[in-house]
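Raw contents of coords-v2.txt, compact mmCIF, N, CA and C atoms and all ligand atoms:
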```
# COMPACT_ATOMS: atom_id res chain seq x y z
N MET B 1 -9.37 -162.76 81.94
CA MET B 1 -8.30 -163.29 82.79
C MET B 1 -7.50 -162.15 83.39
N SER B 2 -7.29 -161.10 82.61
CA SER B 2 -6.50 -159.98 83.11
C SER B 2 -6.93 -158.71 82.39
N ASP B 3 -6.90 -157.62 83.10
CA ASP B 3 -7.23 -156.34 82.47
C ASP B 3 -6.04 -155.81 81.68
N TYR B 4 -4.90 -156.42 81.85
CA TYR B 4 -3.67 -155.84 81.29
C TYR B 4 -3.25 -156.44 79.96
N PHE B 5 -3.50 -157.73 79.77
CA PHE B 5 -3.02 -158.38 78.56
C PHE B 5 -4.12 -159.21 77.93
N HIS B 6 -4.22 -159.08 76.61
CA HIS B 6 -5.06 -159.97 75.82
C HIS B 6 -4.24 -161.25 75.61
N LEU B 7 -4.91 -162.38 75.66
CA LEU B 7 -4.21 -163.65 75.49
C LEU B 7 -3.38 -163.69 74.21
N ALA B 8 -3.88 -163.06 73.15
CA ALA B 8 -3.16 -163.04 71.87
C ALA B 8 -1.79 -162.36 72.00
N GLU B 9 -1.62 -161.53 73.01
CA GLU B 9 -0.32 -160.88 73.21
C GLU B 9 0.75 -161.89 73.65
N LEU B 10 0.31 -163.02 74.16
CA LEU B 10 1.24 -163.96 74.78
C LEU B 10 1.54 -165.18 73.92
N VAL B 11 0.70 -165.45 72.94
CA VAL B 11 0.88 -166.62 72.07
C VAL B 11 0.77 -166.18 70.61
N PRO B 12 1.35 -166.97 69.69
CA PRO B 12 1.31 -166.58 68.27
C PRO B 12 -0.07 -166.84 67.65
N PRO B 13 -0.32 -166.24 66.48
CA PRO B 13 -1.65 -166.33 65.85
C PRO B 13 -2.15 -167.76 65.65
N ALA B 14 -1.28 -168.66 65.19
CA ALA B 14 -1.74 -170.02 64.89
C ALA B 14 -2.22 -170.73 66.16
N ILE B 15 -1.54 -170.49 67.25
CA ILE B 15 -1.94 -171.10 68.53
C ILE B 15 -3.25 -170.49 69.01
N TYR B 16 -3.33 -169.18 68.91
CA TYR B 16 -4.55 -168.50 69.37
C TYR B 16 -5.77 -168.95 68.57
N THR B 17 -5.59 -169.05 67.26
CA THR B 17 -6.70 -169.44 66.38
C THR B 17 -7.10 -170.89 66.61
N ARG B 18 -6.08 -171.76 66.73
CA ARG B 18 -6.37 -173.19 66.84
C ARG B 18 -7.00 -173.56 68.19
N PHE B 19 -6.47 -172.95 69.26
CA PHE B 19 -6.89 -173.38 70.59
C PHE B 19 -7.93 -172.47 71.24
N GLY B 20 -7.98 -171.23 70.78
CA GLY B 20 -9.04 -170.35 71.25
C GLY B 20 -8.80 -169.74 72.62
N GLU B 21 -9.76 -168.94 72.99
CA GLU B 21 -9.64 -168.08 74.18
C GLU B 21 -9.50 -168.87 75.48
N GLN B 22 -9.94 -170.10 75.50
CA GLN B 22 -9.79 -170.90 76.72
C GLN B 22 -8.50 -171.71 76.70
N ARG B 23 -8.35 -172.57 75.69
CA ARG B 23 -7.26 -173.54 75.74
C ARG B 23 -5.90 -172.95 75.35
N ALA B 24 -5.86 -171.81 74.71
CA ALA B 24 -4.55 -171.21 74.39
C ALA B 24 -3.82 -170.78 75.66
N TRP B 25 -4.55 -170.69 76.77
CA TRP B 25 -3.87 -170.41 78.05
C TRP B 25 -2.90 -171.52 78.43
N ASN B 26 -3.10 -172.72 77.84
CA ASN B 26 -2.19 -173.83 78.10
C ASN B 26 -0.76 -173.52 77.65
N PHE B 27 -0.61 -172.49 76.80
CA PHE B 27 0.71 -172.14 76.28
C PHE B 27 1.27 -170.91 76.97
N VAL B 28 0.73 -170.62 78.12
CA VAL B 28 1.21 -169.51 78.94
C VAL B 28 1.75 -170.09 80.24
N ASN B 29 2.95 -169.73 80.56
CA ASN B 29 3.56 -170.19 81.81
C ASN B 29 3.02 -169.35 82.96
N ARG B 30 2.40 -170.05 83.91
CA ARG B 30 1.71 -169.37 85.00
C ARG B 30 2.63 -168.46 85.82
N ARG B 31 3.81 -168.95 86.13
CA ARG B 31 4.74 -168.16 86.95
C ARG B 31 5.21 -166.92 86.20
N ALA B 32 5.54 -167.10 84.93
CA ALA B 32 5.98 -165.95 84.12
C ALA B 32 4.84 -164.93 84.02
N TYR B 33 3.64 -165.43 83.77
CA TYR B 33 2.50 -164.55 83.59
C TYR B 33 2.17 -163.76 84.86
N LYS B 34 2.19 -164.43 85.99
CA LYS B 34 1.88 -163.73 87.25
C LYS B 34 2.89 -162.64 87.54
N ASN B 35 4.13 -162.92 87.23
CA ASN B 35 5.16 -161.91 87.45
C ASN B 35 5.11 -160.79 86.42
N LEU B 36 4.68 -161.13 85.22
CA LEU B 36 4.46 -160.10 84.20
C LEU B 36 3.39 -159.11 84.65
N ILE B 37 2.32 -159.62 85.22
CA ILE B 37 1.25 -158.75 85.73
C ILE B 37 1.79 -157.86 86.87
N LYS B 38 2.57 -158.47 87.75
CA LYS B 38 3.16 -157.69 88.84
C LYS B 38 4.04 -156.56 88.31
N LEU B 39 4.82 -156.88 87.29
CA LEU B 39 5.70 -155.88 86.67
C LEU B 39 4.88 -154.77 86.01
N ARG B 40 3.82 -155.17 85.33
CA ARG B 40 2.95 -154.20 84.65
C ARG B 40 2.32 -153.23 85.67
N LYS B 41 1.86 -153.76 86.80
CA LYS B 41 1.26 -152.92 87.84
C LYS B 41 2.31 -151.99 88.44
N TYR B 42 3.48 -152.52 88.66
CA TYR B 42 4.56 -151.72 89.24
C TYR B 42 4.94 -150.56 88.33
N LEU B 43 5.08 -150.84 87.02
CA LEU B 43 5.49 -149.80 86.08
C LEU B 43 4.39 -148.77 85.86
N GLY B 44 3.15 -149.22 85.89
CA GLY B 44 2.03 -148.32 85.65
C GLY B 44 1.98 -147.77 84.24
N LYS B 45 2.56 -148.51 83.30
CA LYS B 45 2.58 -148.09 81.89
C LYS B 45 2.23 -149.29 81.01
N PRO B 46 1.64 -149.00 79.84
CA PRO B 46 1.31 -150.11 78.93
C PRO B 46 2.56 -150.87 78.48
N LEU B 47 2.43 -152.18 78.42
CA LEU B 47 3.50 -153.03 77.90
C LEU B 47 2.97 -153.72 76.64
N ILE B 48 3.73 -153.61 75.57
CA ILE B 48 3.34 -154.26 74.31
C ILE B 48 4.17 -155.53 74.14
N ILE B 49 3.47 -156.65 73.92
CA ILE B 49 4.17 -157.91 73.61
C ILE B 49 3.78 -158.21 72.16
N ASN B 50 2.95 -159.20 71.89
CA ASN B 50 2.42 -159.32 70.52
C ASN B 50 1.35 -158.25 70.31
N ASN B 51 1.24 -157.80 69.05
CA ASN B 51 0.16 -156.84 68.76
C ASN B 51 -0.58 -157.17 67.47
N TYR B 52 -0.41 -158.41 66.96
CA TYR B 52 -1.09 -158.81 65.71
C TYR B 52 -2.60 -158.74 65.83
N HIS B 53 -3.12 -158.95 67.04
CA HIS B 53 -4.57 -158.98 67.23
C HIS B 53 -5.19 -157.60 67.09
N CYS B 54 -4.35 -156.56 67.08
CA CYS B 54 -4.89 -155.21 66.85
C CYS B 54 -4.14 -154.54 65.69
N GLY B 55 -3.74 -155.36 64.71
CA GLY B 55 -3.21 -154.82 63.46
C GLY B 55 -1.71 -154.62 63.42
N GLY B 56 -0.99 -154.97 64.47
CA GLY B 56 0.45 -154.80 64.49
C GLY B 56 1.19 -155.97 63.87
N GLU B 57 2.49 -155.88 63.84
CA GLU B 57 3.32 -156.89 63.19
C GLU B 57 3.96 -157.88 64.15
N ARG B 58 3.84 -157.65 65.42
CA ARG B 58 4.53 -158.51 66.39
C ARG B 58 3.72 -159.77 66.68
N GLU B 59 4.28 -160.92 66.31
CA GLU B 59 3.59 -162.21 66.45
C GLU B 59 4.36 -163.20 67.31
N TRP B 60 5.65 -162.96 67.50
CA TRP B 60 6.51 -163.98 68.11
C TRP B 60 7.18 -163.47 69.38
N SER B 61 6.56 -162.52 70.05
CA SER B 61 7.21 -161.91 71.22
C SER B 61 6.92 -162.65 72.52
N GLY B 62 6.04 -163.65 72.44
CA GLY B 62 5.79 -164.47 73.62
C GLY B 62 6.20 -165.91 73.32
N PHE B 63 5.26 -166.84 73.46
CA PHE B 63 5.54 -168.25 73.17
C PHE B 63 5.89 -168.42 71.69
N ARG B 64 6.93 -169.22 71.41
CA ARG B 64 7.35 -169.48 70.03
C ARG B 64 7.31 -170.96 69.72
N THR B 65 6.72 -171.27 68.56
CA THR B 65 6.71 -172.63 68.04
C THR B 65 7.78 -172.73 66.95
N PRO B 66 8.07 -173.95 66.49
CA PRO B 66 9.11 -174.11 65.44
C PRO B 66 8.79 -173.36 64.14
N GLU B 67 7.56 -172.95 63.95
CA GLU B 67 7.21 -172.19 62.74
C GLU B 67 7.79 -170.77 62.77
N SER B 68 8.21 -170.32 63.91
CA SER B 68 8.74 -168.95 64.02
C SER B 68 10.10 -168.83 63.36
N PRO B 69 10.32 -167.75 62.60
CA PRO B 69 11.66 -167.52 62.04
C PRO B 69 12.70 -167.27 63.14
N TYR B 70 12.23 -166.99 64.34
CA TYR B 70 13.14 -166.72 65.46
C TYR B 70 13.26 -167.93 66.39
N PHE B 71 12.69 -169.06 65.98
CA PHE B 71 12.64 -170.20 66.89
C PHE B 71 14.02 -170.75 67.22
N SER B 72 14.24 -171.02 68.47
CA SER B 72 15.41 -171.77 68.91
C SER B 72 14.91 -172.72 69.99
N ALA B 73 15.28 -173.97 69.89
CA ALA B 73 14.79 -174.96 70.84
C ALA B 73 15.28 -174.68 72.26
N THR B 74 16.38 -173.97 72.37
CA THR B 74 16.94 -173.69 73.69
C THR B 74 16.56 -172.30 74.20
N SER B 75 15.73 -171.59 73.45
CA SER B 75 15.26 -170.27 73.90
C SER B 75 14.18 -170.41 74.97
N GLN B 76 14.16 -169.51 75.90
CA GLN B 76 13.10 -169.49 76.90
C GLN B 76 11.73 -169.24 76.25
N HIS B 77 11.72 -168.63 75.06
CA HIS B 77 10.45 -168.44 74.35
C HIS B 77 9.82 -169.78 73.97
N ALA B 78 10.66 -170.79 73.73
CA ALA B 78 10.17 -172.09 73.29
C ALA B 78 9.45 -172.84 74.41
N ILE B 79 9.64 -172.40 75.65
CA ILE B 79 8.93 -173.02 76.77
C ILE B 79 7.99 -172.02 77.45
N ALA B 80 7.57 -171.03 76.67
CA ALA B 80 6.60 -170.04 77.16
C ALA B 80 7.09 -169.33 78.42
N ASN B 81 8.37 -169.10 78.47
CA ASN B 81 8.97 -168.58 79.70
C ASN B 81 9.62 -167.21 79.48
N ALA B 82 9.33 -166.58 78.34
CA ALA B 82 9.98 -165.31 78.00
C ALA B 82 9.02 -164.39 77.25
N TYR B 83 9.23 -163.09 77.44
CA TYR B 83 8.48 -162.09 76.68
C TYR B 83 9.43 -161.01 76.19
N ASP B 84 9.22 -160.59 74.95
CA ASP B 84 9.92 -159.43 74.41
C ASP B 84 8.96 -158.26 74.50
N ILE B 85 9.35 -157.25 75.25
CA ILE B 85 8.41 -156.21 75.67
C ILE B 85 8.85 -154.83 75.19
N ILE B 86 7.88 -154.06 74.76
CA ILE B 86 8.08 -152.62 74.55
C ILE B 86 7.22 -151.92 75.59
N CYS B 87 7.86 -151.08 76.38
CA CYS B 87 7.14 -150.34 77.41
C CYS B 87 6.82 -148.95 76.86
N VAL B 88 5.53 -148.64 76.81
CA VAL B 88 5.11 -147.32 76.33
C VAL B 88 5.43 -146.29 77.42
N GLY B 89 6.32 -145.39 77.09
CA GLY B 89 6.68 -144.36 78.08
C GLY B 89 8.07 -144.53 78.66
N LEU B 90 8.70 -145.68 78.39
CA LEU B 90 10.10 -145.87 78.79
C LEU B 90 10.89 -146.28 77.55
N THR B 91 12.10 -145.80 77.41
CA THR B 91 12.96 -146.30 76.35
C THR B 91 13.39 -147.72 76.73
N PRO B 92 13.80 -148.54 75.75
CA PRO B 92 14.31 -149.87 76.11
C PRO B 92 15.44 -149.79 77.13
N GLN B 93 16.26 -148.79 77.02
CA GLN B 93 17.38 -148.63 77.95
C GLN B 93 16.88 -148.35 79.37
N GLU B 94 15.86 -147.50 79.48
CA GLU B 94 15.27 -147.22 80.80
C GLU B 94 14.60 -148.47 81.38
N MET B 95 13.90 -149.17 80.52
CA MET B 95 13.22 -150.41 80.95
C MET B 95 14.25 -151.43 81.42
N GLN B 96 15.32 -151.57 80.69
CA GLN B 96 16.36 -152.54 81.06
C GLN B 96 17.02 -152.16 82.38
N ALA B 97 17.16 -150.88 82.61
CA ALA B 97 17.73 -150.42 83.89
C ALA B 97 16.80 -150.78 85.05
N VAL B 98 15.50 -150.62 84.84
CA VAL B 98 14.53 -151.00 85.88
C VAL B 98 14.64 -152.49 86.18
N ILE B 99 14.73 -153.31 85.14
CA ILE B 99 14.82 -154.76 85.34
C ILE B 99 16.10 -155.12 86.11
N GLN B 100 17.19 -154.49 85.76
CA GLN B 100 18.45 -154.81 86.43
C GLN B 100 18.39 -154.46 87.92
N GLU B 101 17.63 -153.44 88.23
CA GLU B 101 17.53 -153.02 89.63
C GLU B 101 16.49 -153.84 90.41
N LYS B 102 15.40 -154.21 89.75
CA LYS B 102 14.25 -154.79 90.45
C LYS B 102 13.97 -156.25 90.10
N TYR B 103 14.86 -156.96 89.43
CA TYR B 103 14.55 -158.29 88.91
C TYR B 103 14.10 -159.26 89.99
N GLN B 104 14.62 -159.13 91.20
CA GLN B 104 14.26 -160.09 92.26
C GLN B 104 12.79 -159.94 92.66
N ARG B 105 12.32 -158.70 92.62
CA ARG B 105 10.92 -158.42 92.98
C ARG B 105 9.94 -159.17 92.08
N PHE B 106 10.37 -159.41 90.83
CA PHE B 106 9.49 -160.06 89.85
C PHE B 106 9.99 -161.45 89.46
N ASN B 107 10.95 -161.96 90.22
CA ASN B 107 11.51 -163.31 89.99
C ASN B 107 12.08 -163.49 88.59
N ILE B 108 12.52 -162.42 87.97
CA ILE B 108 13.06 -162.49 86.62
C ILE B 108 14.45 -163.12 86.66
N GLY B 109 14.71 -164.05 85.72
CA GLY B 109 15.99 -164.75 85.71
C GLY B 109 16.91 -164.32 84.58
N GLY B 110 16.33 -163.80 83.49
CA GLY B 110 17.13 -163.43 82.33
C GLY B 110 16.69 -162.11 81.73
N LEU B 111 17.68 -161.33 81.28
CA LEU B 111 17.43 -160.04 80.63
C LEU B 111 18.32 -159.96 79.41
N GLU B 112 17.71 -159.70 78.27
CA GLU B 112 18.49 -159.47 77.06
C GLU B 112 18.52 -157.98 76.77
N ILE B 113 19.72 -157.49 76.55
CA ILE B 113 19.89 -156.09 76.17
C ILE B 113 19.76 -156.01 74.66
N ALA B 114 18.63 -155.49 74.21
CA ALA B 114 18.37 -155.34 72.78
C ALA B 114 18.06 -153.87 72.52
N PRO B 115 18.27 -153.42 71.28
CA PRO B 115 18.15 -151.98 71.01
C PRO B 115 16.74 -151.42 71.06
N SER B 116 15.73 -152.22 70.69
CA SER B 116 14.40 -151.61 70.59
C SER B 116 13.32 -152.38 71.35
N TRP B 117 13.71 -153.36 72.14
CA TRP B 117 12.76 -154.04 73.00
C TRP B 117 13.53 -154.58 74.20
N THR B 118 12.80 -155.14 75.15
CA THR B 118 13.42 -155.74 76.33
C THR B 118 12.94 -157.17 76.46
N HIS B 119 13.86 -158.11 76.37
CA HIS B 119 13.54 -159.52 76.61
C HIS B 119 13.73 -159.81 78.08
N ILE B 120 12.69 -160.35 78.71
CA ILE B 120 12.85 -160.86 80.07
C ILE B 120 12.34 -162.29 80.10
N ASP B 121 12.95 -163.09 80.95
CA ASP B 121 12.50 -164.47 81.08
C ASP B 121 12.64 -164.93 82.52
N TRP B 122 12.04 -166.09 82.75
CA TRP B 122 11.97 -166.64 84.11
C TRP B 122 12.76 -167.94 84.20
N ARG B 123 13.94 -167.95 83.56
CA ARG B 123 14.85 -169.10 83.69
C ARG B 123 15.19 -169.30 85.17
N PHE B 124 15.57 -170.51 85.50
CA PHE B 124 15.91 -170.84 86.87
C PHE B 124 17.40 -170.63 87.10
N ASN B 125 17.71 -169.67 87.92
CA ASN B 125 19.09 -169.45 88.34
C ASN B 125 19.18 -169.82 89.82
N PRO B 126 19.79 -170.95 90.13
CA PRO B 126 19.84 -171.38 91.54
C PRO B 126 20.47 -170.33 92.45
N ASP B 127 21.37 -169.52 91.93
CA ASP B 127 22.01 -168.50 92.76
C ASP B 127 21.19 -167.20 92.82
N GLN B 128 20.02 -167.20 92.14
CA GLN B 128 19.11 -166.04 92.13
C GLN B 128 19.73 -164.79 91.53
N GLU B 129 20.77 -164.97 90.76
CA GLU B 129 21.34 -163.83 90.04
C GLU B 129 20.52 -163.61 88.76
N LEU B 130 20.76 -162.47 88.14
CA LEU B 130 20.13 -162.17 86.86
C LEU B 130 21.13 -162.47 85.75
N THR B 131 20.73 -163.29 84.79
CA THR B 131 21.57 -163.54 83.61
C THR B 131 21.32 -162.43 82.60
N VAL B 132 22.34 -161.63 82.33
CA VAL B 132 22.21 -160.53 81.37
C VAL B 132 23.00 -160.90 80.13
N PHE B 133 22.35 -160.81 78.99
CA PHE B 133 23.05 -161.11 77.74
C PHE B 133 22.65 -160.09 76.68
N HIS B 134 23.44 -160.06 75.62
CA HIS B 134 23.22 -159.08 74.57
C HIS B 134 22.73 -159.74 73.30
N LEU B 135 21.90 -159.03 72.57
CA LEU B 135 21.39 -159.51 71.29
C LEU B 135 22.57 -159.83 70.38
N THR B 136 22.54 -161.05 69.82
CA THR B 136 23.65 -161.44 68.94
C THR B 136 23.18 -161.54 67.51
ZN ZN E 201 13.20 -162.67 73.61
```
Just give me the structure of the file as structure tokens.
Ligand SMILES: [Zn+2]
Amino acid sequence: MSDYFHLAELVPPAIYTRFGEQRAWNFVNRRAYKNLIKLRKYLGKPLIINNYHCGGEREWSGFRTPESPYFSATSQHAIANAYDIICVGLTPQEMQAVIQEKYQRFNIGGLEIAPSWTHIDWRFNPDQELTVFHLT
């Protein structure tokens, strides 16, 4: 589907295992995904979302089900509309600065300022502003 992301990076292990390489795409938001690819091409650097499929510990950085310890029904992650990203080659602060400057180019609606990753989401802001919030 993409040279940039393995499907497992976008959904948690239980979803990937249960639905498999074809149907687990049902848990990926098309608009968020297309803009994620655009952002990845623009940055020209690897982006890490989930990494459990290659031995890492990150399982809940994309779509979240109620089984997640981080689950919130009102989170954009719960509707497959958010990714928590580590950009290889940029600090989270540098990455967040890029998003604040270029969010319209990628239709990004939300940015969370977190110390060691960057949360971006595609919430609908009718005024096309970027909602910036801090990790609480
Ligand atoms: Zn997040």
Practice prompt. Please write out the residues within 8 Å of ligand ZN 201 (chain E) as a ChimeraX atom specification, counting only N, CA and C atoms and all ligand atoms.
Written response: /B:60-62,75-77,82-85,112,118-121
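With all atoms listed in the file taken into account, the protein and nucleic acid residues at most 8 Å from Ile37 in chain B (excluding it and anything under 5 positions from it in its own chain) are Tyr4, Phe5, Arg31, Ala32, Tyr42 and Leu43 of chain B.
From CA of Tyr103 in chain B back to CA of Asp127 in chain B, the distance works out to 13.2 Å.
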Worksheet item: Among range 63-95 of chain B, which residues carry a DSSP assignment of alpha helix (DSSP H), reported as a list of chain:residue names?
Response: B:Pro92, B:Gln93, B:Glu94, B:Met95
Worksheet item: Which one is closest to Trp25 in chain B: B:Leu7, B:Ile86, B:Asn107, B:Ala114? Count only N, CA and C atoms.
Response: B:Leu7
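Using only C-alpha atoms, the nearest neighbour of Leu111 in chain B within the list B:Leu90, B:Pro46, B:His134, B:Pro126 is B:His134.
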Worksheet entry | Spatial neighbours of Arg64 in chain B, max dist 6 Å, all atoms listed in the file, sep filter under 5 positions, as a ChimeraX atom specification | /B:77-80
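The space separating atom C of Pro115 in chain B from atom C of Thr136 in chain B comes to 12.5 Å.
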Polymer residues at most 12 Å from (-1.6, -164.8, 85.2) by only C-alpha atoms, as a PDB file with N, CA and C atoms, keeping the file's coordinate frame:
```pdb
ATOM      1  N   MET B   1      -9.370-162.760  81.940  1.00  0.00           N
ATOM      2  CA  MET B   1      -8.300-163.290  82.790  1.00  0.00           C
ATOM      3  C   MET B   1      -7.500-162.150  83.390  1.00  0.00           C
ATOM      4  N   SER B   2      -7.290-161.100  82.610  1.00  0.00           N
ATOM      5  CA  SER B   2      -6.500-159.980  83.110  1.00  0.00           C
ATOM      6  C   SER B   2      -6.930-158.710  82.390  1.00  0.00           C
ATOM      7  N   ASP B   3      -6.900-157.620  83.100  1.00  0.00           N
ATOM      8  CA  ASP B   3      -7.230-156.340  82.470  1.00  0.00           C
ATOM      9  C   ASP B   3      -6.040-155.810  81.680  1.00  0.00           C
ATOM     10  N   TYR B   4      -4.900-156.420  81.850  1.00  0.00           N
ATOM     11  CA  TYR B   4      -3.670-155.840  81.290  1.00  0.00           C
ATOM     12  C   TYR B   4      -3.250-156.440  79.960  1.00  0.00           C
ATOM     13  N   PHE B   5      -3.500-157.730  79.770  1.00  0.00           N
ATOM     14  CA  PHE B   5      -3.020-158.380  78.560  1.00  0.00           C
ATOM     15  C   PHE B   5      -4.120-159.210  77.930  1.00  0.00           C
ATOM     16  N   HIS B   6      -4.220-159.080  76.610  1.00  0.00           N
ATOM     17  CA  HIS B   6      -5.060-159.970  75.820  1.00  0.00           C
ATOM     18  C   HIS B   6      -4.240-161.250  75.610  1.00  0.00           C
ATOM     19  N   LEU B   7      -4.910-162.380  75.660  1.00  0.00           N
ATOM     20  CA  LEU B   7      -4.210-163.650  75.490  1.00  0.00           C
ATOM     21  C   LEU B   7      -3.380-163.690  74.210  1.00  0.00           C
ATOM     22  N   LEU B  10       0.310-163.020  74.160  1.00  0.00           N
ATOM     23  CA  LEU B  10       1.240-163.960  74.780  1.00  0.00           C
ATOM     24  C   LEU B  10       1.540-165.180  73.920  1.00  0.00           C
ATOM     25  N   TRP B  25      -4.550-170.690  76.770  1.00  0.00           N
ATOM     26  CA  TRP B  25      -3.870-170.410  78.050  1.00  0.00           C
ATOM     27  C   TRP B  25      -2.900-171.520  78.430  1.00  0.00           C
ATOM     28  N   ASN B  26      -3.100-172.720  77.840  1.00  0.00           N
ATOM     29  CA  ASN B  26      -2.190-173.830  78.100  1.00  0.00           C
ATOM     30  C   ASN B  26      -0.760-173.520  77.650  1.00  0.00           C
ATOM     31  N   PHE B  27      -0.610-172.490  76.800  1.00  0.00           N
ATOM     32  CA  PHE B  27       0.710-172.140  76.280  1.00  0.00           C
ATOM     33  C   PHE B  27       1.270-170.910  76.970  1.00  0.00           C
ATOM     34  N   VAL B  28       0.730-170.620  78.120  1.00  0.00           N
ATOM     35  CA  VAL B  28       1.210-169.510  78.940  1.00  0.00           C
ATOM     36  C   VAL B  28       1.750-170.090  80.240  1.00  0.00           C
ATOM     37  N   ASN B  29       2.950-169.730  80.560  1.00  0.00           N
ATOM     38  CA  ASN B  29       3.560-170.190  81.810  1.00  0.00           C
ATOM     39  C   ASN B  29       3.020-169.350  82.960  1.00  0.00           C
ATOM     40  N   ARG B  30       2.400-170.050  83.910  1.00  0.00           N
ATOM     41  CA  ARG B  30       1.710-169.370  85.000  1.00  0.00           C
ATOM     42  C   ARG B  30       2.630-168.460  85.820  1.00  0.00           C
ATOM     43  N   ARG B  31       3.810-168.950  86.130  1.00  0.00           N
ATOM     44  CA  ARG B  31       4.740-168.160  86.950  1.00  0.00           C
ATOM     45  C   ARG B  31       5.210-166.920  86.200  1.00  0.00           C
ATOM     46  N   ALA B  32       5.540-167.100  84.930  1.00  0.00           N
ATOM     47  CA  ALA B  32       5.980-165.950  84.120  1.00  0.00           C
ATOM     48  C   ALA B  32       4.840-164.930  84.020  1.00  0.00           C
ATOM     49  N   TYR B  33       3.640-165.430  83.770  1.00  0.00           N
ATOM     50  CA  TYR B  33       2.500-164.550  83.590  1.00  0.00           C
ATOM     51  C   TYR B  33       2.170-163.760  84.860  1.00  0.00           C
ATOM     52  N   LYS B  34       2.190-164.430  85.990  1.00  0.00           N
ATOM     53  CA  LYS B  34       1.880-163.730  87.250  1.00  0.00           C
ATOM     54  C   LYS B  34       2.890-162.640  87.540  1.00  0.00           C
ATOM     55  N   ASN B  35       4.130-162.920  87.230  1.00  0.00           N
ATOM     56  CA  ASN B  35       5.160-161.910  87.450  1.00  0.00           C
ATOM     57  C   ASN B  35       5.110-160.790  86.420  1.00  0.00           C
ATOM     58  N   LEU B  36       4.680-161.130  85.220  1.00  0.00           N
ATOM     59  CA  LEU B  36       4.460-160.100  84.200  1.00  0.00           C
ATOM     60  C   LEU B  36       3.390-159.110  84.650  1.00  0.00           C
ATOM     61  N   ILE B  37       2.320-159.620  85.220  1.00  0.00           N
ATOM     62  CA  ILE B  37       1.250-158.750  85.730  1.00  0.00           C
ATOM     63  C   ILE B  37       1.790-157.860  86.870  1.00  0.00           C
ATOM     64  N   LYS B  38       2.570-158.470  87.750  1.00  0.00           N
ATOM     65  CA  LYS B  38       3.160-157.690  88.840  1.00  0.00           C
ATOM     66  C   LYS B  38       4.040-156.560  88.310  1.00  0.00           C
ATOM     67  N   LEU B  39       4.820-156.880  87.290  1.00  0.00           N
ATOM     68  CA  LEU B  39       5.700-155.880  86.670  1.00  0.00           C
ATOM     69  C   LEU B  39       4.880-154.770  86.010  1.00  0.00           C
ATOM     70  N   ARG B  40       3.820-155.170  85.330  1.00  0.00           N
ATOM     71  CA  ARG B  40       2.950-154.200  84.650  1.00  0.00           C
ATOM     72  C   ARG B  40       2.320-153.230  85.670  1.00  0.00           C
TER      73      ARG B  40
END
```
Emit a file covering range 83-120 of chain B of the preceding structure with C-alpha atoms, as a PDB file, in the first residue's frame.
```pdb
ATOM      1  CA  TYR B  83      -0.739   9.527  15.142  1.00  0.00           C
ATOM      2  CA  ASP B  84       1.972   9.910  17.753  1.00  0.00           C
ATOM      3  CA  ILE B  85       5.152  10.261  15.762  1.00  0.00           C
ATOM      4  CA  ILE B  86       8.878  10.186  16.354  1.00  0.00           C
ATOM      5  CA  CYS B  87      10.795  11.709  13.476  1.00  0.00           C
ATOM      6  CA  VAL B  88      14.247  10.224  13.005  1.00  0.00           C
ATOM      7  CA  GLY B  89      16.566  13.170  12.533  1.00  0.00           C
ATOM      8  CA  LEU B  90      14.402  15.858  14.116  1.00  0.00           C
ATOM      9  CA  THR B  91      13.879  16.502  17.811  1.00  0.00           C
ATOM     10  CA  PRO B  92      10.224  16.547  18.911  1.00  0.00           C
ATOM     11  CA  GLN B  93      10.594  20.301  19.329  1.00  0.00           C
ATOM     12  CA  GLU B  94      11.862  20.710  15.757  1.00  0.00           C
ATOM     13  CA  MET B  95       9.101  18.471  14.450  1.00  0.00           C
ATOM     14  CA  GLN B  96       6.466  20.445  16.346  1.00  0.00           C
ATOM     15  CA  ALA B  97       7.830  23.683  14.919  1.00  0.00           C
ATOM     16  CA  VAL B  98       7.492  22.267  11.388  1.00  0.00           C
ATOM     17  CA  ILE B  99       3.876  21.285  12.071  1.00  0.00           C
ATOM     18  CA  GLN B 100       3.027  24.709  13.454  1.00  0.00           C
ATOM     19  CA  GLU B 101       4.398  26.325  10.337  1.00  0.00           C
ATOM     20  CA  LYS B 102       3.115  23.881   7.705  1.00  0.00           C
ATOM     21  CA  TYR B 103      -0.088  22.368   9.179  1.00  0.00           C
ATOM     22  CA  GLN B 104      -2.326  23.712   6.408  1.00  0.00           C
ATOM     23  CA  ARG B 105      -0.252  21.979   3.743  1.00  0.00           C
ATOM     24  CA  PHE B 106      -1.087  18.625   5.358  1.00  0.00           C
ATOM     25  CA  ASN B 107      -4.612  19.489   6.565  1.00  0.00           C
ATOM     26  CA  ILE B 108      -3.535  18.864  10.160  1.00  0.00           C
ATOM     27  CA  GLY B 109      -6.084  20.042  12.736  1.00  0.00           C
ATOM     28  CA  GLY B 110      -4.452  19.216  16.071  1.00  0.00           C
ATOM     29  CA  LEU B 111      -0.937  19.232  17.510  1.00  0.00           C
ATOM     30  CA  GLU B 112       0.019  18.058  20.957  1.00  0.00           C
ATOM     31  CA  ILE B 113       3.203  19.404  22.447  1.00  0.00           C
ATOM     32  CA  ALA B 114       4.756  16.389  24.158  1.00  0.00           C
ATOM     33  CA  PRO B 115       8.346  15.966  25.337  1.00  0.00           C
ATOM     34  CA  SER B 116       9.416  12.923  23.350  1.00  0.00           C
ATOM     35  CA  TRP B 117       6.944  12.523  20.496  1.00  0.00           C
ATOM     36  CA  THR B 118       4.642  14.615  18.324  1.00  0.00           C
ATOM     37  CA  HIS B 119       0.904  13.972  18.259  1.00  0.00           C
ATOM     38  CA  ILE B 120      -0.842  15.190  15.142  1.00  0.00           C
TER      39      ILE B 120
END
```
